[in-house]
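Please read the structure below before turning to the comments.
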Amino acid sequence: MQTIQKNPPYIEISFDILDIPDIPVGYKLILALIEHDCRENSVCSRTLKNISEILRVVPLTVTKGIRKLEQDGYIKIIEGKSEKNRPQYSYKVTK
């Protein structure tokens, strides 16, 4: 049974995220959303689809952003399995 995650009325974006060079603003928003969830739950378990709906971007943009953020060491992708034995990913901020 998957729990539906309620969206907060707002999120805080640290200047550390805003000040990251060479990362597009959209990717910074992805990182800010992941960081917000990590403060609340220690990991972000939102789906790519959910993140894309919140930010009003296509899922491919989120996928590319998450890959870039992982490649640059800002997040760690935690792989797991759902109740239906499908791949399920969580994210944790590392910097």
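Letters A, B, ... mark the chains of the structure tokens in the order given; residue numbers begin at 1 per chain; ligand numbers begin at 1, in order shown.
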Secondary structure check, helix (DSSP H, G or I) residues of chain A, as number ranges by chain: A: 15-18, 25-41, 48-55, 59-71
Those residues you just picked out, can you put them in a file as a short mmCIF file (atom, residue, chain, number, x, y, z; two decimals), in the first residue's frame with N, CA and C atoms?
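So the final result, stored in out04.cif, reads:
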data_model
loop_
_atom_site.label_atom_id
_atom_site.label_comp_id
_atom_site.auth_asym_id
_atom_site.auth_seq_id
_atom_site.Cartn_x
_atom_site.Cartn_y
_atom_site.Cartn_z
N PHE A 15 20.49 29.19 0.45
CA PHE A 15 21.38 29.90 -0.47
C PHE A 15 22.48 29.00 -0.98
N ASP A 16 22.82 27.96 -0.21
CA ASP A 16 23.82 26.99 -0.68
C ASP A 16 23.36 26.33 -1.98
N ILE A 17 22.08 26.03 -2.08
CA ILE A 17 21.54 25.43 -3.31
C ILE A 17 21.50 26.48 -4.41
N LEU A 18 21.02 27.66 -4.10
CA LEU A 18 20.94 28.70 -5.12
C LEU A 18 22.31 29.10 -5.66
N VAL A 25 18.64 26.09 -13.05
CA VAL A 25 17.70 26.45 -11.99
C VAL A 25 16.69 25.32 -11.73
N GLY A 26 16.22 24.68 -12.78
CA GLY A 26 15.27 23.58 -12.60
C GLY A 26 15.84 22.45 -11.76
N TYR A 27 17.10 22.15 -11.96
CA TYR A 27 17.75 21.09 -11.17
C TYR A 27 17.91 21.53 -9.72
N LYS A 28 18.12 22.83 -9.51
CA LYS A 28 18.20 23.35 -8.15
C LYS A 28 16.86 23.19 -7.43
N LEU A 29 15.77 23.37 -8.18
CA LEU A 29 14.44 23.17 -7.59
C LEU A 29 14.21 21.71 -7.22
N ILE A 30 14.68 20.80 -8.07
CA ILE A 30 14.59 19.37 -7.76
C ILE A 30 15.37 19.09 -6.48
N LEU A 31 16.58 19.61 -6.38
CA LEU A 31 17.40 19.41 -5.18
C LEU A 31 16.72 20.01 -3.95
N ALA A 32 16.13 21.17 -4.09
CA ALA A 32 15.45 21.81 -2.96
C ALA A 32 14.27 20.96 -2.48
N LEU A 33 13.52 20.39 -3.41
CA LEU A 33 12.39 19.54 -3.04
C LEU A 33 12.87 18.27 -2.34
N ILE A 34 13.94 17.67 -2.85
CA ILE A 34 14.51 16.48 -2.21
C ILE A 34 15.03 16.83 -0.82
N GLU A 35 15.73 17.96 -0.72
CA GLU A 35 16.27 18.38 0.58
C GLU A 35 15.15 18.61 1.59
N HIS A 36 14.05 19.22 1.15
CA HIS A 36 12.92 19.46 2.04
C HIS A 36 12.39 18.15 2.61
N ASP A 37 12.18 17.16 1.73
CA ASP A 37 11.67 15.87 2.18
C ASP A 37 12.66 15.17 3.10
N CYS A 38 13.97 15.33 2.83
CA CYS A 38 14.98 14.71 3.68
C CYS A 38 14.98 15.31 5.08
N ARG A 39 14.69 16.60 5.19
CA ARG A 39 14.59 17.22 6.52
C ARG A 39 13.42 16.64 7.30
N GLU A 40 12.34 16.31 6.59
CA GLU A 40 11.14 15.78 7.23
C GLU A 40 11.25 14.27 7.52
N ASN A 41 11.82 13.50 6.58
CA ASN A 41 11.76 12.04 6.67
C ASN A 41 13.11 11.34 6.54
N LEU A 48 9.40 10.06 -9.68
CA LEU A 48 9.76 11.02 -10.72
C LEU A 48 8.53 11.74 -11.23
N LYS A 49 7.44 10.98 -11.38
CA LYS A 49 6.20 11.57 -11.87
C LYS A 49 5.69 12.64 -10.91
N ASN A 50 5.74 12.36 -9.61
CA ASN A 50 5.27 13.33 -8.62
C ASN A 50 6.12 14.59 -8.65
N ILE A 51 7.43 14.43 -8.72
CA ILE A 51 8.31 15.60 -8.78
C ILE A 51 8.02 16.41 -10.04
N SER A 52 7.84 15.72 -11.16
CA SER A 52 7.58 16.43 -12.42
C SER A 52 6.24 17.16 -12.38
N GLU A 53 5.24 16.59 -11.73
CA GLU A 53 3.94 17.26 -11.62
C GLU A 53 4.04 18.51 -10.73
N ILE A 54 4.79 18.41 -9.65
CA ILE A 54 4.94 19.55 -8.74
C ILE A 54 5.64 20.70 -9.45
N LEU A 55 6.72 20.38 -10.18
CA LEU A 55 7.52 21.42 -10.83
C LEU A 55 7.01 21.78 -12.22
N PRO A 59 8.77 14.36 -17.07
CA PRO A 59 9.56 13.44 -16.25
C PRO A 59 11.01 13.28 -16.71
N LEU A 60 11.26 13.39 -18.01
CA LEU A 60 12.63 13.26 -18.51
C LEU A 60 13.54 14.35 -17.93
N THR A 61 13.00 15.55 -17.73
CA THR A 61 13.77 16.63 -17.12
C THR A 61 14.17 16.26 -15.70
N VAL A 62 13.25 15.65 -14.96
CA VAL A 62 13.54 15.23 -13.59
C VAL A 62 14.59 14.12 -13.60
N THR A 63 14.45 13.17 -14.50
CA THR A 63 15.42 12.07 -14.60
C THR A 63 16.82 12.63 -14.87
N LYS A 64 16.93 13.53 -15.84
CA LYS A 64 18.23 14.13 -16.16
C LYS A 64 18.77 14.91 -14.97
N GLY A 65 17.89 15.65 -14.29
CA GLY A 65 18.31 16.43 -13.14
C GLY A 65 18.83 15.55 -12.01
N ILE A 66 18.11 14.48 -11.73
CA ILE A 66 18.52 13.58 -10.65
C ILE A 66 19.85 12.91 -11.00
N ARG A 67 20.01 12.51 -12.25
CA ARG A 67 21.29 11.91 -12.68
C ARG A 67 22.45 12.90 -12.52
N LYS A 68 22.22 14.15 -12.92
CA LYS A 68 23.25 15.19 -12.82
C LYS A 68 23.58 15.47 -11.35
N LEU A 69 22.55 15.57 -10.51
CA LEU A 69 22.77 15.82 -9.09
C LEU A 69 23.53 14.67 -8.44
N GLU A 70 23.24 13.44 -8.86
CA GLU A 70 23.96 12.29 -8.31
C GLU A 70 25.41 12.29 -8.82
N GLN A 71 25.57 12.53 -10.10
CA GLN A 71 26.91 12.56 -10.71
C GLN A 71 27.80 13.60 -10.03
#
Residue neighbourhood region 76-79 of chain A, 7 Å, only C-alpha atoms, exclusion window fewer than 4 positions, as a PyMOL selection string: chain A and resi 70+88-94
Picked from chain A by DSSP as strand (DSSP E), as an MDAnalysis selection string: chainID A and resid 75:81 87:93
Output the selection as a CSV table (one decimal), in the first residue's frame - N, CA and C atoms for each residue.
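Listed below is the output, out-v3.csv:
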chain,number,residue,atom,x,y,z
A,75,ILE,N,23.3,14.3,-4.4
A,75,ILE,CA,22.4,13.3,-3.8
A,75,ILE,C,22.9,11.9,-4.0
A,76,LYS,N,22.3,11.0,-3.3
A,76,LYS,CA,22.5,9.6,-3.4
A,76,LYS,C,21.2,8.9,-3.8
A,77,ILE,N,21.2,8.1,-4.8
A,77,ILE,CA,20.0,7.3,-5.2
A,77,ILE,C,20.0,6.0,-4.4
A,78,ILE,N,18.9,5.7,-3.8
A,78,ILE,CA,18.8,4.5,-3.0
A,78,ILE,C,17.8,3.6,-3.8
A,79,GLU,N,18.2,2.5,-4.2
A,79,GLU,CA,17.4,1.6,-5.0
A,79,GLU,C,16.7,0.6,-4.1
A,80,GLY,N,15.4,0.3,-4.4
A,80,GLY,CA,14.7,-0.7,-3.6
A,80,GLY,C,13.6,-1.3,-4.5
A,81,LYS,N,12.7,-2.0,-3.9
A,81,LYS,CA,11.6,-2.7,-4.6
A,81,LYS,C,10.3,-2.3,-3.9
A,87,PRO,N,11.0,-1.7,-9.4
A,87,PRO,CA,12.0,-0.8,-8.9
A,87,PRO,C,11.4,0.4,-8.3
A,88,GLN,N,12.0,0.8,-7.2
A,88,GLN,CA,11.5,2.0,-6.5
A,88,GLN,C,12.7,2.7,-6.0
A,89,TYR,N,12.7,4.0,-6.1
A,89,TYR,CA,13.9,4.8,-5.8
A,89,TYR,C,13.6,5.8,-4.7
A,90,SER,N,14.6,6.1,-3.8
A,90,SER,CA,14.5,7.1,-2.8
A,90,SER,C,15.8,7.9,-3.0
A,91,TYR,N,15.8,9.1,-2.5
A,91,TYR,CA,16.9,10.0,-2.7
A,91,TYR,C,17.3,10.6,-1.3
A,92,LYS,N,18.6,10.8,-1.2
A,92,LYS,CA,19.1,11.4,0.0
A,92,LYS,C,20.2,12.5,-0.3
A,93,VAL,N,20.1,13.6,0.3
A,93,VAL,CA,21.0,14.7,0.1
A,93,VAL,C,22.4,14.3,0.7
